[in-house]
>>> print(open('final_12.txt').read())   # compact mmCIF, C-alpha atoms (C1' of nucleotides) and all ligand atoms
# COMPACT_ATOMS: atom_id res chain seq x y z
CA MET A 1 0.00 0.00 0.00
CA ASN A 2 2.61 2.54 1.04
CA ILE A 3 4.91 1.32 -1.70
CA ASN A 4 2.27 2.24 -4.22
CA ILE A 5 2.08 5.80 -3.00
CA ASP A 6 5.63 6.29 -4.18
CA PHE A 7 4.75 4.92 -7.58
CA VAL A 8 1.62 7.03 -7.77
CA ASN A 9 3.75 10.09 -7.14
CA LYS A 10 6.42 8.98 -9.53
CA LEU A 11 3.85 8.58 -12.26
CA ARG A 12 1.97 11.78 -11.44
CA THR A 13 5.10 13.89 -11.46
CA SER A 14 5.93 12.37 -14.84
CA GLY A 15 2.60 13.37 -16.27
CA LEU A 16 1.47 9.76 -16.44
CA ARG A 17 -1.81 8.78 -14.85
CA PRO A 18 -1.36 6.13 -12.19
CA THR A 19 -3.51 3.41 -13.67
CA LYS A 20 -3.59 0.00 -12.09
CA GLN A 21 -1.76 -1.47 -15.06
CA ARG A 22 1.09 1.01 -14.73
CA LEU A 23 1.27 0.53 -10.97
CA LYS A 24 1.47 -3.23 -11.41
CA ILE A 25 4.28 -2.84 -13.92
CA CYS A 26 6.05 -0.44 -11.55
CA GLU A 27 5.89 -3.04 -8.82
CA VAL A 28 7.42 -5.68 -11.05
CA LEU A 29 10.13 -3.39 -12.36
CA PHE A 30 11.03 -1.10 -9.50
CA ASN A 31 9.90 -2.73 -6.27
CA THR A 32 13.23 -4.46 -5.75
CA GLU A 33 16.62 -3.38 -4.54
CA LYS A 34 18.38 -5.04 -7.47
CA THR A 35 18.12 -3.82 -11.01
CA PHE A 36 17.65 -6.31 -13.82
CA HIS A 37 17.37 -6.86 -17.55
CA PHE A 38 14.26 -8.06 -19.30
CA THR A 39 12.51 -8.39 -22.62
CA VAL A 40 8.90 -7.37 -23.20
CA ASN A 41 8.12 -11.05 -23.38
CA ASP A 42 9.75 -11.67 -19.99
CA LEU A 43 7.72 -8.89 -18.43
CA SER A 44 4.54 -10.14 -19.98
CA LYS A 45 5.17 -13.64 -18.62
CA ILE A 46 5.90 -12.39 -15.10
CA ILE A 47 2.61 -10.52 -15.07
CA SER A 48 0.49 -13.32 -16.45
CA GLU A 49 2.18 -16.39 -14.97
CA LYS A 50 3.65 -15.27 -11.67
CA LEU A 51 1.12 -12.62 -10.76
CA ASN A 52 -1.87 -14.10 -12.58
CA GLN A 53 -2.89 -10.72 -13.90
CA LYS A 54 -3.83 -9.80 -17.39
CA ILE A 55 -2.49 -6.69 -18.98
CA SER A 56 -2.71 -6.51 -22.72
CA LEU A 57 0.51 -6.75 -24.65
CA ALA A 58 -0.21 -3.37 -26.24
CA THR A 59 -0.31 -1.79 -22.80
CA ILE A 60 2.93 -3.46 -21.79
CA TYR A 61 4.59 -2.07 -24.88
CA ASN A 62 3.05 1.35 -24.31
CA THR A 63 4.15 1.41 -20.70
CA VAL A 64 7.68 0.21 -21.29
CA HIS A 65 8.13 2.82 -23.99
CA ALA A 66 6.61 5.53 -21.81
CA PHE A 67 8.94 4.60 -18.96
CA LYS A 68 11.89 4.60 -21.30
CA LYS A 69 10.98 8.05 -22.54
CA LYS A 70 10.79 9.30 -18.96
CA GLY A 71 14.19 7.81 -18.23
CA TYR A 72 13.02 5.05 -15.91
CA LEU A 73 14.26 2.35 -18.25
CA LYS A 74 17.05 2.01 -20.75
CA GLU A 75 16.89 0.02 -23.94
CA ILE A 76 20.07 -1.91 -24.44
CA SER A 77 22.15 -1.55 -27.56
CA MET A 78 23.01 -4.97 -28.80
CA ASN A 79 21.83 -7.42 -31.30
CA SER A 80 20.84 -10.98 -30.61
CA ASP A 81 17.35 -11.07 -32.04
CA LYS A 82 16.06 -9.98 -28.64
CA THR A 83 15.47 -6.46 -27.43
CA TYR A 84 16.41 -5.94 -23.82
CA PHE A 85 15.39 -3.29 -21.33
CA ASP A 86 17.30 -2.39 -18.21
CA THR A 87 16.01 -1.05 -14.91
CA ASN A 88 19.52 0.18 -14.21
CA THR A 89 19.49 3.61 -15.79
CA THR A 90 22.91 4.69 -14.59
CA HIS A 91 25.78 4.78 -17.04
CA HIS A 92 27.22 1.29 -17.23
CA HIS A 93 28.39 -1.44 -19.57
CA HIS A 94 27.46 -5.06 -20.20
CA PHE A 95 28.64 -8.54 -20.51
CA PHE A 96 26.51 -10.64 -22.79
CA ASP A 97 26.70 -14.33 -22.10
CA SER A 98 26.16 -16.10 -25.41
CA SER A 99 25.64 -19.40 -23.60
CA THR A 100 22.68 -18.20 -21.56
CA MET A 101 21.61 -15.16 -23.61
CA LYS A 102 21.72 -13.12 -20.42
CA LEU A 103 23.09 -9.67 -19.80
CA ILE A 104 25.27 -8.90 -16.81
CA ASP A 105 26.11 -5.40 -15.66
CA LEU A 106 29.62 -4.09 -15.82
CA SER A 107 29.74 -0.93 -13.79
CA ASP A 108 31.46 2.13 -15.14
CA ASP A 109 34.08 2.11 -12.40
CA GLN A 110 35.09 -1.44 -13.28
CA VAL A 111 36.29 -0.18 -16.63
CA GLU A 112 39.34 2.03 -16.89
CA LYS A 113 38.73 5.30 -18.61
CA ILE A 114 38.07 4.82 -22.30
CA LYS A 115 40.13 7.10 -24.52
CA ILE A 116 39.11 7.51 -28.11
CA ASN A 117 41.56 9.17 -30.46
CA LYS A 118 39.12 9.96 -33.19
CA ALA A 119 36.64 12.78 -33.48
CA LEU A 120 33.89 13.31 -35.99
CA PRO A 121 33.59 16.94 -37.06
CA GLY A 122 30.23 18.49 -36.26
CA LYS A 123 29.21 15.58 -34.05
CA LYS A 124 29.14 15.24 -30.31
CA ILE A 125 29.30 12.05 -28.32
CA SER A 126 26.07 11.11 -26.57
CA SER A 127 27.19 7.78 -25.10
CA VAL A 128 30.05 5.34 -25.00
CA GLU A 129 29.15 1.77 -24.21
CA ILE A 130 31.15 -1.41 -24.08
CA LEU A 131 29.69 -4.80 -24.82
CA VAL A 132 31.80 -7.74 -23.70
CA LYS A 133 30.65 -11.03 -25.17
CA VAL A 134 31.50 -14.07 -23.09
CA GLU A 135 30.94 -17.79 -23.43
CA ASN A 136 31.63 -20.89 -21.37
CA GLU A 137 35.30 -21.72 -21.01
CA MET B 138 36.26 -11.85 -65.47
CA ASN B 139 39.57 -12.20 -63.68
CA ILE B 140 38.08 -10.66 -60.56
CA ASN B 141 35.55 -13.43 -60.53
CA ILE B 142 38.21 -16.10 -60.49
CA ASP B 143 39.26 -14.91 -57.07
CA PHE B 144 35.70 -15.11 -55.84
CA VAL B 145 35.25 -18.54 -57.37
CA ASN B 146 38.28 -19.71 -55.45
CA LYS B 147 37.19 -17.98 -52.30
CA LEU B 148 33.84 -19.71 -52.45
CA ARG B 149 35.26 -23.10 -53.47
CA THR B 150 37.79 -23.14 -50.66
CA SER B 151 34.94 -22.31 -48.27
CA GLY B 152 32.90 -25.26 -49.45
CA LEU B 153 30.38 -22.98 -51.10
CA ARG B 154 29.54 -23.57 -54.73
CA PRO B 155 30.24 -20.53 -56.87
CA THR B 156 26.77 -19.85 -58.17
CA LYS B 157 26.06 -16.74 -60.16
CA GLN B 158 23.99 -15.33 -57.32
CA ARG B 159 26.84 -15.71 -54.86
CA LEU B 160 29.36 -14.28 -57.30
CA LYS B 161 27.18 -11.26 -57.88
CA ILE B 162 26.86 -10.69 -54.16
CA CYS B 163 30.63 -11.10 -53.79
CA GLU B 164 31.15 -8.39 -56.39
CA VAL B 165 28.87 -6.00 -54.55
CA LEU B 166 30.38 -6.72 -51.16
CA PHE B 167 34.05 -7.39 -51.78
CA ASN B 168 34.97 -5.85 -55.12
CA THR B 169 35.98 -2.56 -53.57
CA GLU B 170 38.99 -1.31 -51.68
CA LYS B 171 36.83 0.24 -48.96
CA THR B 172 34.80 -1.78 -46.49
CA PHE B 173 31.28 -0.71 -45.65
CA HIS B 174 28.18 -1.35 -43.57
CA PHE B 175 24.87 -2.46 -44.97
CA THR B 176 21.51 -3.96 -44.15
CA VAL B 177 19.96 -6.85 -46.04
CA ASN B 178 17.55 -4.34 -47.47
CA ASP B 179 20.41 -2.14 -48.70
CA LEU B 180 22.05 -5.07 -50.40
CA SER B 181 18.82 -6.17 -51.98
CA LYS B 182 18.25 -2.65 -53.36
CA ILE B 183 21.77 -2.41 -54.80
CA ILE B 184 21.25 -5.67 -56.65
CA SER B 185 17.83 -4.88 -58.00
CA GLU B 186 18.06 -1.15 -58.59
CA LYS B 187 21.68 -0.43 -59.40
CA LEU B 188 22.55 -3.71 -61.09
CA ASN B 189 19.11 -4.56 -62.42
CA GLN B 190 19.48 -8.15 -61.38
CA LYS B 191 17.01 -10.28 -59.52
CA ILE B 192 18.14 -12.46 -56.69
CA SER B 193 15.44 -13.66 -54.37
CA LEU B 194 15.39 -12.21 -50.89
CA ALA B 195 15.71 -15.72 -49.46
CA THR B 196 18.96 -16.18 -51.35
CA ILE B 197 20.28 -12.85 -50.15
CA TYR B 198 19.56 -13.85 -46.57
CA ASN B 199 21.06 -17.29 -47.10
CA THR B 200 24.18 -15.87 -48.68
CA VAL B 201 24.75 -13.16 -46.12
CA HIS B 202 24.40 -15.69 -43.34
CA ALA B 203 26.69 -18.16 -45.10
CA PHE B 204 29.30 -15.45 -45.56
CA LYS B 205 28.97 -14.45 -41.94
CA LYS B 206 29.46 -18.05 -40.86
CA LYS B 207 32.60 -18.27 -43.00
CA GLY B 208 33.90 -15.07 -41.45
CA TYR B 209 33.60 -12.88 -44.55
CA LEU B 210 31.07 -10.63 -42.87
CA LYS B 211 30.37 -9.49 -39.35
CA GLU B 212 26.98 -8.75 -37.93
CA ILE B 213 27.09 -5.63 -35.82
CA SER B 214 26.02 -5.60 -32.21
CA MET B 215 23.74 -2.68 -31.75
CA ASN B 216 20.11 -1.93 -31.64
CA SER B 217 18.31 0.61 -33.72
CA ASP B 218 15.59 -1.52 -35.28
CA LYS B 219 17.99 -2.26 -38.12
CA THR B 220 20.44 -5.14 -38.38
CA TYR B 221 23.73 -4.16 -39.92
CA PHE B 222 26.44 -6.22 -41.56
CA ASP B 223 30.02 -5.16 -42.01
CA THR B 224 32.48 -6.11 -44.71
CA ASN B 225 35.26 -5.07 -42.36
CA THR B 226 35.90 -8.26 -40.44
CA THR B 227 38.90 -7.03 -38.51
CA HIS B 228 38.52 -6.23 -34.85
CA HIS B 229 37.22 -2.69 -34.61
CA HIS B 230 34.66 -0.47 -32.97
CA HIS B 231 31.91 1.84 -34.16
CA PHE B 232 30.41 5.22 -34.01
CA PHE B 233 26.69 5.24 -34.60
CA ASP B 234 25.37 8.52 -35.85
CA SER B 235 21.82 8.86 -34.55
CA SER B 236 21.18 11.74 -36.93
CA THR B 237 21.89 9.74 -40.07
CA MET B 238 21.50 6.18 -38.73
CA LYS B 239 24.89 5.37 -40.21
CA LEU B 240 27.77 3.42 -38.73
CA ILE B 241 31.33 4.68 -38.91
CA ASP B 242 34.36 2.56 -38.15
CA LEU B 243 36.56 3.29 -35.19
CA SER B 244 39.70 1.29 -35.61
CA ASP B 245 41.12 -0.64 -32.71
CA ASP B 246 44.28 1.42 -32.62
CA GLN B 247 42.29 4.61 -32.23
CA VAL B 248 41.08 3.37 -28.87
CA GLU B 249 43.44 3.09 -25.94
CA LYS B 250 43.62 -0.33 -24.43
CA ILE B 251 40.40 -1.24 -22.66
CA LYS B 252 40.95 -2.60 -19.17
CA ILE B 253 38.09 -4.38 -17.49
CA ASN B 254 38.40 -5.07 -13.79
CA LYS B 255 35.71 -7.70 -13.57
CA ALA B 256 35.84 -11.35 -14.48
CA LEU B 257 33.02 -13.87 -14.69
CA PRO B 258 34.02 -17.27 -13.30
CA GLY B 259 33.83 -20.08 -15.84
CA LYS B 260 33.43 -17.65 -18.73
CA LYS B 261 35.90 -16.44 -21.30
CA ILE B 262 35.75 -13.24 -23.27
CA SER B 263 35.03 -13.70 -26.95
CA SER B 264 34.89 -10.03 -27.93
CA VAL B 265 35.01 -6.52 -26.55
CA GLU B 266 33.33 -3.87 -28.61
CA ILE B 267 32.69 -0.21 -28.08
CA LEU B 268 29.73 1.62 -29.50
CA VAL B 269 29.99 5.39 -29.47
CA LYS B 270 26.72 7.11 -30.17
CA VAL B 271 27.02 10.54 -31.69
CA GLU B 272 24.62 13.21 -32.81
CA ASN B 273 24.82 16.61 -34.45
CA GLU B 274 26.35 19.32 -32.29
C1' DT C 275 -21.96 15.01 -7.35
C1' DA C 276 -22.53 15.43 -12.40
C1' DC C 277 -20.40 16.62 -16.48
C1' DT C 278 -16.57 17.13 -19.65
C1' DT C 279 -12.27 16.38 -21.35
C1' DT C 280 -8.29 13.95 -22.05
C1' DC C 281 -5.76 10.00 -21.40
C1' DT C 282 -5.43 4.96 -21.27
C1' DT C 283 -6.44 0.27 -22.19
C1' DT C 284 -7.73 -3.25 -25.12
C1' DA C 285 -8.71 -6.74 -28.84
C1' DG C 286 -7.73 -7.40 -33.02
C1' DA C 287 -5.75 -6.17 -37.42
C1' DA C 288 -1.71 -4.71 -39.87
C1' DT C 289 3.14 -4.40 -40.76
C1' DC C 290 7.74 -5.77 -41.33
C1' DA C 291 11.84 -8.46 -40.96
C1' DT C 292 13.20 -12.91 -41.00
C1' DT C 293 12.85 -17.93 -41.51
C1' DA C 294 10.78 -22.27 -43.18
C1' DT C 295 9.01 -25.23 -46.96
C1' DA C 296 9.26 -27.78 -50.78
C1' DA C 297 9.72 -27.99 -55.62
C1' DA C 298 12.67 -26.73 -59.57
C1' DC C 299 17.29 -26.03 -60.82
C1' DT C 300 22.49 -26.51 -61.06
C1' DA C 301 27.27 -27.53 -59.91
C1' DT C 302 30.19 -31.30 -59.25
C1' DA C 303 31.89 -35.86 -59.35
C1' DA C 304 31.47 -40.66 -60.66
C1' DT D 305 25.95 -38.91 -68.96
C1' DT D 306 23.98 -39.79 -64.73
C1' DA D 307 23.63 -39.40 -59.98
C1' DT D 308 24.12 -36.72 -55.93
C1' DA D 309 24.17 -33.12 -53.00
C1' DG D 310 23.82 -28.33 -52.80
C1' DT D 311 21.25 -24.07 -54.23
C1' DT D 312 17.64 -20.98 -55.63
C1' DT D 313 13.11 -19.54 -55.60
C1' DA D 314 8.20 -18.40 -54.81
C1' DT D 315 5.43 -18.61 -51.30
C1' DA D 316 3.78 -19.41 -46.76
C1' DA D 317 4.65 -19.02 -41.95
C1' DT D 318 6.37 -16.83 -37.89
C1' DG D 319 7.13 -13.52 -34.41
C1' DA D 320 7.92 -9.06 -32.71
C1' DT D 321 6.11 -4.71 -32.78
C1' DT D 322 2.86 -1.10 -34.04
C1' DC D 323 -1.65 0.65 -35.40
C1' DT D 324 -6.69 1.32 -34.99
C1' DA D 325 -10.71 2.51 -33.09
C1' DA D 326 -13.87 1.73 -29.57
C1' DA D 327 -14.69 1.24 -24.58
C1' DG D 328 -13.15 2.53 -20.08
C1' DA D 329 -10.99 5.38 -16.43
C1' DA D 330 -8.76 9.48 -14.37
C1' DA D 331 -8.65 14.39 -13.65
C1' DG D 332 -10.68 18.93 -13.81
C1' DT D 333 -14.67 21.89 -13.28
C1' DA D 334 -18.94 23.58 -11.72
MN MN E 401 11.43 -0.22 -29.03
MN MN E 402 20.72 -12.70 -38.54
ZN ZN E 403 22.45 -3.23 -17.28
ZN ZN E 404 32.63 -1.53 -39.17
>>> encode(input="final_12.txt", output="structure tokens", more="lines below")
Ligand SMILES: [Mn+2]
Ligand SMILES: [Mn+2]
Ligand SMILES: [Zn+2]
Ligand SMILES: [Zn+2]
Amino acid sequence: MNINIDFVNKLRTSGLRPTKQRLKICEVLFNTEKTFHFTVNDLSKIISEKLNQKISLATIYNTVHAFKKKGYLKEISMNSDKTYFDTNTTHHHHFFDSSTMKLIDLSDDQVEKIKINKALPGKKISSVEILVKVENE
Amino acid sequence: MNINIDFVNKLRTSGLRPTKQRLKICEVLFNTEKTFHFTVNDLSKIISEKLNQKISLATIYNTVHAFKKKGYLKEISMNSDKTYFDTNTTHHHHFFDSSTMKLIDLSDDQVEKIKINKALPGKKISSVEILVKVENE
DNA sequence: TACTTTCTTTAGAATCATTATAAACTATAA
DNA sequence: TTATAGTTTATAATGATTCTAAAGAAAGTA
């Protein structure tokens, strides 16, 4: 109950109405100390199978995109057929385990400063991300 | 004619029969001093519009995937709806220009050695790639 | 509270990239 | 040649994502 008040405020201050669908998705995504990575399909399964709720897929897409736009989620840059979202919105990097298809965070301070000796005239850098692919030894 | 002999050999030594479709695709992809990035759709358009040839889309997909498997192409790890391939198969990094949706190579020696202070037990690193997103200033 | 407006959800259709199917075709080797 | 395995192709199927338009819900106002 009191958890939800935070989410209600979070949504209200973002200009998003606190509907029960959005609050449920907030609970799944943000009501945990640990951040995690997920696909839309993962999220949909958690809601329907673990929580026995039904939220239409269109709403899940709408909500995830709305949250991304507000900066509450990041979409992860990497290709592997799947599109991943991340509840960790701080600047960080990733390991991608090809054996399990899972992403693992690599925090910015675990990477020594990246120096790039090439500039593109008229362009400014908006992000620098490392993707480390790993597999079983 | 003599260019094609190289491609015929390249294909034969890879265990791929040198069909006219594959040779045509080789010409488009490898008959140039510069490497480049492309999508399957780009390649398909070059073949049909610029060369006025018809190769079925299924064959283009098959060929691109076969070439990737043989190491003649790399598929680029990044998300932007589009899936890019790269005729530059050396180890290198990329800029992605969000304004133009184009990839630009960033050679390995233009990046100072990347040091990662995190290891995953039982896993070995298969690649480390940087993606630098840029936009207009 | 009643009314109005705007936003949100939803089922279902549409789209788009990619992959699968299976029959016709072709390169290669016997 | 003939046989074999590999290849191409049109077409259908798949799967993720987006669109549509109608019904429902939240917020604002009187
Ligand atoms: Mn998206
Ligand atoms: Mn692919
Ligand atoms: Zn992450
Ligand atoms: Zn490249």
>>> residues_around(input="final_12.txt", residues="segment 282-294 of chain C", least_positions_apart="2", cutoff="12 Å", atoms="all atoms listed in the file", output="ChimeraX atom specification")
/A:16-22,54-63,81 /B:176-178,194-199,202,218-220 /C:280,296 /D:315-330
>>> atom_distance(input="final_12.txt", atom1="atom CA of Ile241 of chain B", atom2="atom CA of Phe96 of chain A")
22.8 Å
>>> closest_atom_pairs(input="final_12.txt", of="chain B", to="ligand ZN 404 (chain E)", cutoff="7 Å", atoms="all atoms listed in the file", output="Markdown table")
| residue | atom | partner | partner_atom | distance |
| --- | --- | --- | --- | --- |
| B:Phe173 | CA | E:ZN404 | ZN | 6.7 |
| B:His174 | CA | E:ZN404 | ZN | 6.3 |
| B:Asp223 | CA | E:ZN404 | ZN | 5.3 |
| B:Asn225 | CA | E:ZN404 | ZN | 5.4 |
| B:His229 | CA | E:ZN404 | ZN | 6.6 |
| B:His230 | CA | E:ZN404 | ZN | 6.6 |
| B:His231 | CA | E:ZN404 | ZN | 6.1 |
| B:Leu240 | CA | E:ZN404 | ZN | 7.0 |
| B:Ile241 | CA | E:ZN404 | ZN | 6.3 |
| B:Asp242 | CA | E:ZN404 | ZN | 4.6 |
>>> calpha_fit_and_write(input="final_12.txt", fixed="chain B", moving="chain A", output="mmCIF file with C-alpha atoms, in the coordinates of the input")
data_model
loop_
_atom_site.group_PDB
_atom_site.id
_atom_site.type_symbol
_atom_site.label_atom_id
_atom_site.label_comp_id
_atom_site.auth_asym_id
_atom_site.auth_seq_id
_atom_site.Cartn_x
_atom_site.Cartn_y
_atom_site.Cartn_z
ATOM 1 C CA MET A 1 36.369 -11.738 -65.523
ATOM 2 C CA ASN A 2 39.643 -12.164 -63.667
ATOM 3 C CA ILE A 3 38.101 -10.646 -60.568
ATOM 4 C CA ASN A 4 35.552 -13.415 -60.573
ATOM 5 C CA ILE A 5 38.195 -16.101 -60.564
ATOM 6 C CA ASP A 6 39.241 -14.922 -57.136
ATOM 7 C CA PHE A 7 35.679 -15.125 -55.917
ATOM 8 C CA VAL A 8 35.198 -18.536 -57.471
ATOM 9 C CA ASN A 9 38.227 -19.740 -55.555
ATOM 10 C CA LYS A 10 37.164 -18.029 -52.390
ATOM 11 C CA LEU A 11 33.810 -19.742 -52.556
ATOM 12 C CA ARG A 12 35.198 -23.127 -53.588
ATOM 13 C CA THR A 13 37.727 -23.194 -50.786
ATOM 14 C CA SER A 14 34.891 -22.368 -48.399
ATOM 15 C CA GLY A 15 32.848 -25.294 -49.583
ATOM 16 C CA LEU A 16 30.324 -23.001 -51.230
ATOM 17 C CA ARG A 17 29.442 -23.537 -54.860
ATOM 18 C CA PRO A 18 30.180 -20.482 -56.964
ATOM 19 C CA THR A 19 26.708 -19.778 -58.253
ATOM 20 C CA LYS A 20 26.029 -16.655 -60.234
ATOM 21 C CA GLN A 21 23.975 -15.240 -57.387
ATOM 22 C CA ARG A 22 26.819 -15.668 -54.915
ATOM 23 C CA LEU A 23 29.352 -14.243 -57.354
ATOM 24 C CA LYS A 24 27.170 -11.194 -57.915
ATOM 25 C CA ILE A 25 26.867 -10.657 -54.178
ATOM 26 C CA CYS A 26 30.636 -11.080 -53.822
ATOM 27 C CA GLU A 27 31.169 -8.370 -56.394
ATOM 28 C CA VAL A 28 28.898 -5.978 -54.549
ATOM 29 C CA LEU A 29 30.400 -6.736 -51.162
ATOM 30 C CA PHE A 30 34.062 -7.405 -51.774
ATOM 31 C CA ASN A 31 35.012 -5.869 -55.107
ATOM 32 C CA THR A 32 36.020 -2.579 -53.524
ATOM 33 C CA GLU A 33 39.016 -1.365 -51.607
ATOM 34 C CA LYS A 34 36.859 0.178 -48.885
ATOM 35 C CA THR A 35 34.832 -1.836 -46.451
ATOM 36 C CA PHE A 36 31.300 -0.765 -45.617
ATOM 37 C CA HIS A 37 28.206 -1.399 -43.540
ATOM 38 C CA PHE A 38 24.889 -2.502 -44.938
ATOM 39 C CA THR A 39 21.526 -3.988 -44.118
ATOM 40 C CA VAL A 40 19.975 -6.865 -46.048
ATOM 41 C CA ASN A 41 17.569 -4.333 -47.457
ATOM 42 C CA ASP A 42 20.432 -2.122 -48.658
ATOM 43 C CA LEU A 43 22.064 -5.059 -50.388
ATOM 44 C CA SER A 44 18.832 -6.109 -51.979
ATOM 45 C CA LYS A 45 18.277 -2.594 -53.334
ATOM 46 C CA ILE A 46 21.793 -2.344 -54.770
ATOM 47 C CA ILE A 47 21.270 -5.589 -56.645
ATOM 48 C CA SER A 48 17.842 -4.779 -57.998
ATOM 49 C CA GLU A 49 18.086 -1.025 -58.562
ATOM 50 C CA LYS A 50 21.718 -0.333 -59.361
ATOM 51 C CA LEU A 51 22.584 -3.592 -61.059
ATOM 52 C CA ASN A 52 19.127 -4.422 -62.400
ATOM 53 C CA GLN A 53 19.469 -8.034 -61.381
ATOM 54 C CA LYS A 54 17.008 -10.150 -59.543
ATOM 55 C CA ILE A 55 18.104 -12.367 -56.736
ATOM 56 C CA SER A 56 15.410 -13.565 -54.417
ATOM 57 C CA LEU A 57 15.385 -12.155 -50.930
ATOM 58 C CA ALA A 58 15.672 -15.677 -49.521
ATOM 59 C CA THR A 59 18.919 -16.152 -51.410
ATOM 60 C CA ILE A 60 20.269 -12.835 -50.194
ATOM 61 C CA TYR A 61 19.540 -13.861 -46.637
ATOM 62 C CA ASN A 62 21.020 -17.308 -47.206
ATOM 63 C CA THR A 63 24.152 -15.873 -48.749
ATOM 64 C CA VAL A 64 24.732 -13.185 -46.164
ATOM 65 C CA HIS A 65 24.360 -15.743 -43.402
ATOM 66 C CA ALA A 66 26.636 -18.199 -45.189
ATOM 67 C CA PHE A 67 29.273 -15.502 -45.622
ATOM 68 C CA LYS A 68 28.954 -14.532 -41.998
ATOM 69 C CA LYS A 69 29.441 -18.124 -40.934
ATOM 70 C CA LYS A 70 32.575 -18.343 -43.065
ATOM 71 C CA GLY A 71 33.892 -15.158 -41.505
ATOM 72 C CA TYR A 72 33.581 -12.953 -44.573
ATOM 73 C CA LEU A 73 31.066 -10.693 -42.880
ATOM 74 C CA LYS A 74 30.381 -9.571 -39.355
ATOM 75 C CA GLU A 75 26.979 -8.837 -37.922
ATOM 76 C CA ILE A 76 27.082 -5.718 -35.836
ATOM 77 C CA SER A 77 25.989 -5.695 -32.232
ATOM 78 C CA MET A 78 23.713 -2.774 -31.713
ATOM 79 C CA ASN A 79 20.097 -2.033 -31.577
ATOM 80 C CA SER A 80 18.282 0.509 -33.668
ATOM 81 C CA ASP A 81 15.598 -1.616 -35.253
ATOM 82 C CA LYS A 82 18.012 -2.331 -38.095
ATOM 83 C CA THR A 83 20.442 -5.197 -38.375
ATOM 84 C CA TYR A 84 23.739 -4.221 -39.911
ATOM 85 C CA PHE A 85 26.437 -6.288 -41.558
ATOM 86 C CA ASP A 86 30.028 -5.231 -41.984
ATOM 87 C CA THR A 87 32.501 -6.173 -44.695
ATOM 88 C CA ASN A 88 35.264 -5.146 -42.321
ATOM 89 C CA THR A 89 35.902 -8.342 -40.414
ATOM 90 C CA THR A 90 38.904 -7.116 -38.469
ATOM 91 C CA HIS A 91 38.516 -6.289 -34.806
ATOM 92 C CA HIS A 92 37.226 -2.743 -34.574
ATOM 93 C CA HIS A 93 34.663 -0.495 -32.939
ATOM 94 C CA HIS A 94 31.896 1.797 -34.146
ATOM 95 C CA PHE A 95 30.405 5.167 -34.019
ATOM 96 C CA PHE A 96 26.691 5.179 -34.611
ATOM 97 C CA ASP A 97 25.352 8.448 -35.895
ATOM 98 C CA SER A 98 21.804 8.773 -34.597
ATOM 99 C CA SER A 99 21.145 11.631 -37.012
ATOM 100 C CA THR A 100 21.869 9.606 -40.133
ATOM 101 C CA MET A 101 21.487 6.060 -38.765
ATOM 102 C CA LYS A 102 24.891 5.260 -40.220
ATOM 103 C CA LEU A 103 27.766 3.336 -38.737
ATOM 104 C CA ILE A 104 31.320 4.608 -38.921
ATOM 105 C CA ASP A 105 34.357 2.497 -38.147
ATOM 106 C CA LEU A 106 36.544 3.244 -35.194
ATOM 107 C CA SER A 107 39.703 1.249 -35.594
ATOM 108 C CA ASP A 108 41.121 -0.666 -32.685
ATOM 109 C CA ASP A 109 44.287 1.417 -32.600
ATOM 110 C CA GLN A 110 42.272 4.612 -32.243
ATOM 111 C CA VAL A 111 41.076 3.383 -28.880
ATOM 112 C CA GLU A 112 43.448 3.132 -25.953
ATOM 113 C CA LYS A 113 43.635 -0.275 -24.410
ATOM 114 C CA ILE A 114 40.430 -1.157 -22.612
ATOM 115 C CA LYS A 115 40.974 -2.477 -19.100
ATOM 116 C CA ILE A 116 38.139 -4.246 -17.389
ATOM 117 C CA ASN A 117 38.446 -4.890 -13.678
ATOM 118 C CA LYS A 118 35.771 -7.501 -13.438
ATOM 119 C CA ALA A 119 35.887 -11.171 -14.277
ATOM 120 C CA LEU A 120 33.092 -13.680 -14.469
ATOM 121 C CA PRO A 121 34.076 -17.053 -13.033
ATOM 122 C CA GLY A 122 33.908 -19.883 -15.542
ATOM 123 C CA LYS A 123 33.508 -17.505 -18.471
ATOM 124 C CA LYS A 124 35.985 -16.330 -21.039
ATOM 125 C CA ILE A 125 35.826 -13.158 -23.056
ATOM 126 C CA SER A 126 35.103 -13.660 -26.745
ATOM 127 C CA SER A 127 34.941 -9.998 -27.777
ATOM 128 C CA VAL A 128 35.061 -6.483 -26.444
ATOM 129 C CA GLU A 129 33.354 -3.861 -28.538
ATOM 130 C CA ILE A 130 32.714 -0.192 -28.033
ATOM 131 C CA LEU A 131 29.743 1.606 -29.487
ATOM 132 C CA VAL A 132 29.989 5.386 -29.482
ATOM 133 C CA LYS A 133 26.689 7.083 -30.214
ATOM 134 C CA VAL A 134 26.991 10.520 -31.759
ATOM 135 C CA GLU A 135 24.551 13.161 -32.917
ATOM 136 C CA ASN A 136 24.734 16.557 -34.578
ATOM 137 C CA GLU A 137 26.254 19.256 -32.412
#
>>> atom_distance(input="final_12.txt", atom1="atom CA of Glu137 of chain A", atom2="atom CA of Lys260 of chain B")
5.0 Å
>>> closest_residue(input="final_12.txt", among="B:Lys187, B:Arg149, B:Lys211, B:Lys171", to="ligand MN 402 (chain E)", atoms="all atoms listed in the file")
B:Lys211
>>> interface_residues(input="final_12.txt", of="chain B", to="chain A", cutoff="8 Å", atoms="only C-alpha atoms", output="number ranges by chain")
B: 213-217, 220, 243, 247-255, 259-274
>>> atom_distance(input="final_12.txt", atom1="atom CA of Lys205 of chain B", atom2="atom MN of ligand MN 402 (chain E)")
9.1 Å
